[in-house]
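Novice: Take a look at the following structure, please.
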Amino acid sequence: MAFLFDSFEGWKKYCDKHNVSVVDAVIGYEKEQKGRTEEKIWEGLGQAWEVMKDAVKTGLEEDMTSRSGMIANGAKKVYRHSQTVLSKEFQNLISRALAAKEVNSCMGRIVAAPTAGASGIMPGVLYTLQEIHNVPDKKILEAMLLAAGIALIMEQKASIAGAVGGCQAETGTAAAMGAGAIVYCLDGDIDQIFNAVAITVQCMLGLVCDPVAGLVEVPCVVRNASAAAIANSSAQIALANVSSVIPVDEVIEAMGEIGASMETRYKETALGGLAATKTGQAIAKKVLIHDIEILPDESD
Ligand code: SF4
């Protein structure tokens with residue numbers, strides 16, 4: 001059954017042939033390939049959902065100042081700001097994605113969905129979706145399973161790690177997972193779900209991984225917010241049956257091709273992009289000196 005998660009086409013064909021839902025196919029895969037019982041699968045998903053919600057709350061309630069100082073309670077400022085750009089819902093979405101990711105940057109507990117660097121996107125998207133549409137918890141857990149299937153294919157066909165494929169692979173995959181989850185929860189069909197994935201990835205292609213001082217803080221935190229917004233815009237487009245034109249499997253292959261040809265300095269090495277700017281370099285130097293200063297003095 002592993003072949004299912006080699007391509008979106010294979011996943012759809014399997015569902016059509018066996019007359020199973022897109023989520024049931026993932027459950028079958030988890031049982032067969034990972035040897036998990038259905039009870040354990042739902043239990044694990046339930047725990048992950050609680051951790052995601054906790055991360056959102058923690059990021060909005062507790063002090064989120066990172067050791068480098070680059071992260072300084074940004075989510076709370078956005079959440080409480082009196083001026084809304086679009087709507088309170090949009091403000092909440094952005095704040096929650098920032099909040100959960102800030103928790104990661106401050107070494108708190110998160111769900112790596114699919115990675116720690118992109119850990120704010122799914123919580124921000126799902127929390128806001130549930131609040132607006134009263135989505136039952138069971139449906140949210142199903143959407144998380146669907147999202148896991150999406151990530152599996154993206155990992156197979158391209159990558160989900162910034163060090164391998166740039167930030168497009170990391171935040172891009174999380175955004176694709178979020179977009180698919182939104183469309184699923186709003187009763188979209190399999191074509192609309194996969195179209196949402198394709199549109200999302202089209203919007204994220206080419207994004208490099210360039211963390212300042214090698215810390216998963218800047219630009220990572222704000223990219224979680226923008227990826228959450230892109231997940232929502234793509235879901236809106238896909239639900240209206242506006243086609244991505246390029247089929248989803250080909251879009252993911254393009255992501256893999258771009259990732260493979262990306263220079264090493266754009267793959268989490270902190271040698272290019274924002275990390276290589278004058279300010280980025282100065283921060284890296286400061287962080288390094290700080291780290292050396294707090295090292296235990298072996299001569300004592
Ligand atoms: S810039 Fe790199 S480290 Fe930061 S979120 Fe993107 S992939 Fe992860």
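Each chain in the structure tokens gets a letter, A, B and so on, in the order shown; residues start at 1 in every chain, and ligands are counted from 1 in the order they appear.
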List the spatial neighbours of Ser68 (chain A) as JSON, numbers by chain - criterion: any atom at most 10 Å away, only C-alpha atoms, same-chain residues fewer than 2 positions off excluded.
Specialist: {"A": [65, 66, 70, 71, 72, 105, 106, 213, 215, 217, 283, 284, 286, 287, 288, 290, 291]}
Novice: Pull C-alpha atoms from the residues just selected and write them as an mmCIF file, in the first residue's frame.
Specialist:
data_model
loop_
_atom_site.group_PDB
_atom_site.id
_atom_site.type_symbol
_atom_site.label_atom_id
_atom_site.label_comp_id
_atom_site.auth_asym_id
_atom_site.auth_seq_id
_atom_site.Cartn_x
_atom_site.Cartn_y
_atom_site.Cartn_z
ATOM 1 C CA THR A 65 11.092 36.058 24.091
ATOM 2 C CA SER A 66 13.741 33.943 22.427
ATOM 3 C CA MET A 70 14.796 38.250 17.710
ATOM 4 C CA ILE A 71 11.434 36.834 18.817
ATOM 5 C CA ALA A 72 9.792 39.239 21.257
ATOM 6 C CA SER A 105 11.420 29.303 18.716
ATOM 7 C CA CYS A 106 11.279 29.648 22.509
ATOM 8 C CA ALA A 213 22.180 33.185 12.704
ATOM 9 C CA LEU A 215 18.219 29.992 14.349
ATOM 10 C CA GLU A 217 13.339 32.418 14.181
ATOM 11 C CA ILE A 283 23.140 39.211 14.801
ATOM 12 C CA ALA A 284 24.924 35.927 14.104
ATOM 13 C CA LYS A 286 26.308 38.609 18.673
ATOM 14 C CA VAL A 287 24.580 35.256 19.210
ATOM 15 C CA LEU A 288 27.896 33.426 18.848
ATOM 16 C CA HIS A 290 26.739 35.298 23.768
ATOM 17 C CA ASP A 291 26.913 31.499 23.423
#
Novice: So that I can see what lies close to Tyr79 (chain A), please list as a count of residues only the residues with an atom at most 7 Å from it, counting only C-alpha atoms and leaving out residues fewer than 2 positions away in the same chain.
Specialist: 7
Novice: Listing only residues of chain A within 6 Å of ligand 1, what is the closest atom pair and its distance in Å (to one decimal) for each, using only C-alpha atoms and all ligand atoms, sorted by chain and residue number ascending, as JSON lines?
Specialist:
{"residue": "A:Gly117", "atom": "CA", "partner": "ligand 1", "partner_atom_place_in_ligand_line": "5 (S)", "distance": 4.2}
{"residue": "A:Ala118", "atom": "CA", "partner": "ligand 1", "partner_atom_place_in_ligand_line": "5 (S)", "distance": 5.5}
{"residue": "A:Gly162", "atom": "CA", "partner": "ligand 1", "partner_atom_place_in_ligand_line": "7 (S)", "distance": 3.7}
{"residue": "A:Gly166", "atom": "CA", "partner": "ligand 1", "partner_atom_place_in_ligand_line": "7 (S)", "distance": 5.5}
{"residue": "A:Cys167", "atom": "CA", "partner": "ligand 1", "partner_atom_place_in_ligand_line": "7 (S)", "distance": 3.5}
{"residue": "A:Glu170", "atom": "CA", "partner": "ligand 1", "partner_atom_place_in_ligand_line": "7 (S)", "distance": 5.0}
{"residue": "A:Thr171", "atom": "CA", "partner": "ligand 1", "partner_atom_place_in_ligand_line": "6 (Fe)", "distance": 6.0}
{"residue": "A:Cys209", "atom": "CA", "partner": "ligand 1", "partner_atom_place_in_ligand_line": "2 (Fe)", "distance": 3.7}
{"residue": "A:Asp210", "atom": "CA", "partner": "ligand 1", "partner_atom_place_in_ligand_line": "1 (S)", "distance": 4.9}
{"residue": "A:Pro211", "atom": "CA", "partner": "ligand 1", "partner_atom_place_in_ligand_line": "1 (S)", "distance": 4.8}
{"residue": "A:Val216", "atom": "CA", "partner": "ligand 1", "partner_atom_place_in_ligand_line": "3 (S)", "distance": 4.8}
{"residue": "A:Pro219", "atom": "CA", "partner": "ligand 1", "partner_atom_place_in_ligand_line": "1 (S)", "distance": 5.8}
{"residue": "A:Cys220", "atom": "CA", "partner": "ligand 1", "partner_atom_place_in_ligand_line": "4 (Fe)", "distance": 3.9}
{"residue": "A:Glu268", "atom": "CA", "partner": "ligand 1", "partner_atom_place_in_ligand_line": "2 (Fe)", "distance": 5.3}
Novice: With only C-alpha atoms as the counted atoms, please give the residues lying no more than 12 Å from Ala260 (chain A), apart from itself and same-chain residues fewer than 3 positions off, as an MDAnalysis selection string.
Specialist: chainID A and resid 157:159 161:166 168:169 206 208 253:257 263:264 266:267
Novice: In Å, how far is it from CA of Gly259 (chain A) to CA of Ile182 (chain A)?
Specialist: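 Separation between CA of Gly259 (chain A) and CA of Ile182 (chain A): 26.2 Å.
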Novice: Give me the residues near Gln47 (chain A) as an NGL selection string, where near means some atom within 10 Å (using only C-alpha atoms) and where sequence neighbours in that chain fewer than 4 positions away do not count.
Specialist: :A and (42-43 or 51-52 or 111 or 141)
Novice: Next, write the just-selected residues to a file, as a PDB file, in the first residue's frame, keeping C-alpha atoms as the atom set.
Specialist:
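Saved to selection.pdb:
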ATOM      1  CA  TRP A  42      -7.079   8.359  16.775  1.00  0.00           C
ATOM      2  CA  GLU A  43      -5.508   8.584  20.211  1.00  0.00           C
ATOM      3  CA  VAL A  51      -0.632  20.060  21.771  1.00  0.00           C
ATOM      4  CA  MET A  52      -1.361  22.263  18.749  1.00  0.00           C
ATOM      5  CA  VAL A 111       3.796  19.331  16.873  1.00  0.00           C
ATOM      6  CA  LEU A 141      -8.542  14.792  13.349  1.00  0.00           C
TER       7      LEU A 141
END
Novice: Among the residues of region 185-295 of chain A, find those DSSP assigns to alpha helix (DSSP H) from the backbone and print them as a CSV table (one decimal) with N, CA and C atoms, in the first residue's frame.
Specialist:
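After the write, result.csv holds the following:
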chain,number,residue,atom,x,y,z
A,185,CYS,N,-12.5,19.9,5.4
A,185,CYS,CA,-13.4,20.2,6.5
A,185,CYS,C,-14.6,21.0,6.0
A,190,ILE,N,-12.3,15.2,-3.5
A,190,ILE,CA,-10.9,14.9,-3.6
A,190,ILE,C,-10.2,15.7,-4.6
A,191,ASP,N,-10.8,16.0,-5.7
A,191,ASP,CA,-10.2,16.9,-6.8
A,191,ASP,C,-10.0,18.3,-6.2
A,192,GLN,N,-10.9,18.8,-5.5
A,192,GLN,CA,-10.8,20.1,-4.9
A,192,GLN,C,-9.7,20.1,-3.8
A,193,ILE,N,-9.6,19.1,-3.1
A,193,ILE,CA,-8.5,19.0,-2.1
A,193,ILE,C,-7.1,19.0,-2.7
A,194,PHE,N,-7.0,18.2,-3.7
A,194,PHE,CA,-5.7,18.1,-4.4
A,194,PHE,C,-5.4,19.3,-5.2
A,195,ASN,N,-6.4,19.9,-5.7
A,195,ASN,CA,-6.2,21.2,-6.4
A,195,ASN,C,-5.7,22.3,-5.4
A,196,ALA,N,-6.3,22.3,-4.2
A,196,ALA,CA,-5.8,23.2,-3.2
A,196,ALA,C,-4.4,23.0,-2.9
A,197,VAL,N,-3.9,21.8,-2.9
A,197,VAL,CA,-2.5,21.5,-2.6
A,197,VAL,C,-1.7,22.1,-3.7
A,198,ALA,N,-2.1,21.8,-5.0
A,198,ALA,CA,-1.4,22.3,-6.1
A,198,ALA,C,-1.2,23.8,-6.2
A,199,ILE,N,-2.3,24.5,-5.9
A,199,ILE,CA,-2.3,25.9,-5.9
A,199,ILE,C,-1.4,26.5,-4.8
A,200,THR,N,-1.5,25.9,-3.6
A,200,THR,CA,-0.7,26.3,-2.5
A,200,THR,C,0.8,26.2,-2.9
A,201,VAL,N,1.2,25.0,-3.4
A,201,VAL,CA,2.6,24.8,-3.7
A,201,VAL,C,3.1,25.8,-4.8
A,202,GLN,N,2.2,26.0,-5.8
A,202,GLN,CA,2.5,27.0,-6.8
A,202,GLN,C,2.9,28.4,-6.2
A,203,CYS,N,2.2,28.7,-5.1
A,203,CYS,CA,2.4,30.0,-4.4
A,203,CYS,C,3.7,30.0,-3.6
A,204,MET,N,4.2,28.8,-3.3
A,204,MET,CA,5.4,28.7,-2.4
A,204,MET,C,6.7,28.4,-3.1
A,220,CYS,N,11.6,32.6,9.8
A,220,CYS,CA,10.7,31.4,10.0
A,220,CYS,C,9.3,31.8,10.6
A,221,VAL,N,9.3,32.6,11.6
A,221,VAL,CA,8.1,32.9,12.3
A,221,VAL,C,7.1,33.6,11.4
A,222,VAL,N,7.5,34.6,10.7
A,222,VAL,CA,6.6,35.4,9.9
A,222,VAL,C,6.2,34.5,8.6
A,223,ARG,N,7.1,33.6,8.2
A,223,ARG,CA,6.7,32.8,7.1
A,223,ARG,C,5.6,31.8,7.5
A,224,ASN,N,5.5,31.4,8.7
A,224,ASN,CA,4.4,30.6,9.2
A,224,ASN,C,3.1,31.3,9.0
A,225,ALA,N,3.1,32.6,9.3
A,225,ALA,CA,1.9,33.4,9.2
A,225,ALA,C,1.5,33.5,7.7
A,226,SER,N,2.5,33.9,6.8
A,226,SER,CA,2.1,34.0,5.4
A,226,SER,C,1.7,32.7,4.8
A,227,ALA,N,2.3,31.6,5.2
A,227,ALA,CA,1.9,30.3,4.7
A,227,ALA,C,0.5,29.9,5.1
A,228,ALA,N,0.1,30.3,6.3
A,228,ALA,CA,-1.3,30.1,6.8
A,228,ALA,C,-2.2,30.9,5.9
A,229,ALA,N,-1.9,32.1,5.6
A,229,ALA,CA,-2.7,32.9,4.7
A,229,ALA,C,-2.8,32.3,3.3
A,230,ILE,N,-1.7,31.8,2.8
A,230,ILE,CA,-1.7,31.2,1.5
A,230,ILE,C,-2.6,29.9,1.5
A,231,ALA,N,-2.5,29.2,2.5
A,231,ALA,CA,-3.4,28.0,2.7
A,231,ALA,C,-4.8,28.3,2.5
A,232,ASN,N,-5.2,29.4,3.2
A,232,ASN,CA,-6.6,29.9,3.1
A,232,ASN,C,-7.0,30.4,1.7
A,233,SER,N,-6.1,31.2,1.1
A,233,SER,CA,-6.4,31.7,-0.2
A,233,SER,C,-6.5,30.6,-1.2
A,234,SER,N,-5.7,29.6,-1.1
A,234,SER,CA,-5.7,28.5,-2.0
A,234,SER,C,-7.0,27.7,-1.9
A,235,ALA,N,-7.4,27.5,-0.6
A,235,ALA,CA,-8.6,26.7,-0.3
A,235,ALA,C,-9.8,27.4,-0.9
A,236,GLN,N,-9.8,28.8,-0.8
A,236,GLN,CA,-10.9,29.6,-1.3
A,236,GLN,C,-11.0,29.4,-2.8
A,237,ILE,N,-9.9,29.4,-3.5
A,237,ILE,CA,-9.8,29.3,-4.9
A,237,ILE,C,-10.2,27.9,-5.3
A,238,ALA,N,-9.7,26.9,-4.7
A,238,ALA,CA,-10.0,25.5,-5.0
A,238,ALA,C,-11.5,25.1,-4.8
A,239,LEU,N,-12.0,25.6,-3.8
A,239,LEU,CA,-13.5,25.3,-3.5
A,239,LEU,C,-14.4,25.9,-4.6
A,248,VAL,N,-1.4,18.4,-9.7
A,248,VAL,CA,-0.7,18.4,-8.5
A,248,VAL,C,0.6,17.6,-8.4
A,249,ASP,N,0.6,16.4,-9.0
A,249,ASP,CA,1.9,15.7,-9.0
A,249,ASP,C,3.0,16.4,-9.7
A,250,GLU,N,2.6,17.0,-10.8
A,250,GLU,CA,3.7,17.8,-11.6
A,250,GLU,C,4.1,19.0,-10.8
A,251,VAL,N,3.2,19.6,-10.1
A,251,VAL,CA,3.6,20.8,-9.3
A,251,VAL,C,4.6,20.4,-8.2
A,252,ILE,N,4.4,19.2,-7.6
A,252,ILE,CA,5.3,18.7,-6.5
A,252,ILE,C,6.6,18.4,-7.2
A,253,GLU,N,6.6,17.8,-8.4
A,253,GLU,CA,7.8,17.5,-9.1
A,253,GLU,C,8.6,18.7,-9.4
A,254,ALA,N,7.9,19.8,-9.7
A,254,ALA,CA,8.6,21.1,-10.0
A,254,ALA,C,9.3,21.6,-8.7
A,255,MET,N,8.6,21.4,-7.6
A,255,MET,CA,9.2,21.8,-6.3
A,255,MET,C,10.5,21.0,-6.0
A,256,GLY,N,10.4,19.7,-6.3
A,256,GLY,CA,11.6,18.8,-6.2
A,256,GLY,C,12.7,19.3,-7.1
A,257,GLU,N,12.4,19.6,-8.3
A,257,GLU,CA,13.4,20.1,-9.3
A,257,GLU,C,14.0,21.4,-8.8
A,258,ILE,N,13.2,22.3,-8.3
A,258,ILE,CA,13.7,23.6,-7.9
A,258,ILE,C,14.6,23.4,-6.6
A,259,GLY,N,14.2,22.5,-5.7
A,259,GLY,CA,14.9,22.3,-4.5
A,259,GLY,C,16.3,21.7,-4.8
A,260,ALA,N,16.3,20.7,-5.8
A,260,ALA,CA,17.6,20.1,-6.1
A,260,ALA,C,18.5,21.0,-6.8
A,261,SER,N,18.0,22.0,-7.5
A,261,SER,CA,19.0,23.0,-8.1
A,261,SER,C,19.3,24.2,-7.3
A,278,LYS,N,23.9,42.3,6.1
A,278,LYS,CA,24.8,43.0,7.1
A,278,LYS,C,24.2,42.8,8.5
A,279,THR,N,22.9,43.0,8.6
A,279,THR,CA,22.3,42.9,9.9
A,279,THR,C,22.2,41.4,10.4
A,280,GLY,N,21.9,40.6,9.4
A,280,GLY,CA,21.9,39.1,9.7
A,280,GLY,C,23.2,38.6,10.3
A,281,GLN,N,24.3,39.1,9.6
A,281,GLN,CA,25.7,38.7,10.0
A,281,GLN,C,26.0,39.3,11.4
A,282,ALA,N,25.6,40.5,11.7
A,282,ALA,CA,25.9,41.2,13.0
A,282,ALA,C,25.1,40.4,14.1
A,283,ILE,N,23.9,40.0,13.8
A,283,ILE,CA,23.1,39.2,14.8
A,283,ILE,C,23.8,37.9,15.0
A,284,ALA,N,24.3,37.2,14.0
A,284,ALA,CA,24.9,35.9,14.1
A,284,ALA,C,26.2,36.0,15.0
A,285,LYS,N,26.9,37.1,14.8
A,285,LYS,CA,28.1,37.4,15.6
A,285,LYS,C,27.8,37.5,17.1
A,286,LYS,N,26.7,38.3,17.3
A,286,LYS,CA,26.3,38.6,18.7
A,286,LYS,C,25.8,37.3,19.4
A,287,VAL,N,25.1,36.5,18.6
A,287,VAL,CA,24.6,35.3,19.2
A,287,VAL,C,25.7,34.3,19.5
A,288,LEU,N,26.7,34.3,18.6
A,288,LEU,CA,27.9,33.4,18.8
A,288,LEU,C,28.7,33.9,20.1
A,289,ILE,N,28.9,35.2,20.2
A,289,ILE,CA,29.7,35.7,21.4
A,289,ILE,C,28.9,35.4,22.6
A,290,HIS,N,27.6,35.6,22.6
A,290,HIS,CA,26.7,35.3,23.8
A,290,HIS,C,26.9,33.8,24.2
A,291,ASP,N,26.8,32.9,23.1
A,291,ASP,CA,26.9,31.5,23.4
A,291,ASP,C,28.3,31.1,24.0
A,292,ILE,N,29.3,31.8,23.6
A,292,ILE,CA,30.7,31.5,24.1
A,292,ILE,C,30.7,32.0,25.6
A,293,GLU,N,30.1,33.2,25.8
A,293,GLU,CA,30.2,33.7,27.2
A,293,GLU,C,29.5,32.9,28.2
Novice: Could you check how far CA of His133 (chain A) sits from CA of Gly172 (chain A), in Å to one decimal?
Specialist: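 Between CA of His133 (chain A) and CA of Gly172 (chain A) the gap works out to 24.4 Å.
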Novice: Between A:Leu274, A:Val78, A:Ile140, A:Ile246, single out the one closest to Thr128 (chain A), counting only C-alpha atoms.
Specialist: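 Closest to Thr128 (chain A) of all the choices is A:Ile140.
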Novice: Calculated over only C-alpha atoms, which of the candidates A:Lys139, A:Lys101, A:Arg67, A:Arg265 has the smallest distance to Gly46 (chain A)?
Specialist: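 Checking each candidate against Gly46 (chain A), we get A:Lys139 as the closest.
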Novice: Just the number, please: distance in Å from CA of Gly214 (chain A) to CA of Ala270 (chain A), one decimal.
Specialist: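 CA of Ala270 (chain A) lies at a distance of 5.2 Å from CA of Gly214 (chain A).
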Novice: Measuring atom to atom with only C-alpha atoms, identify which of A:Gly28, A:Thr37, A:Ile150, A:Val56 is nearest to Leu126 (chain A).
Specialist: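 Checking each of A:Gly28, A:Thr37, A:Ile150, A:Val56 against Leu126 (chain A), counting only C-alpha atoms, the winner is A:Val56.
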Novice: Between A:Ala148, A:Leu129, A:Leu98, A:Ala181, which is the closest to Ala25 (chain A) once you count only C-alpha atoms?
Specialist: A:Ala148
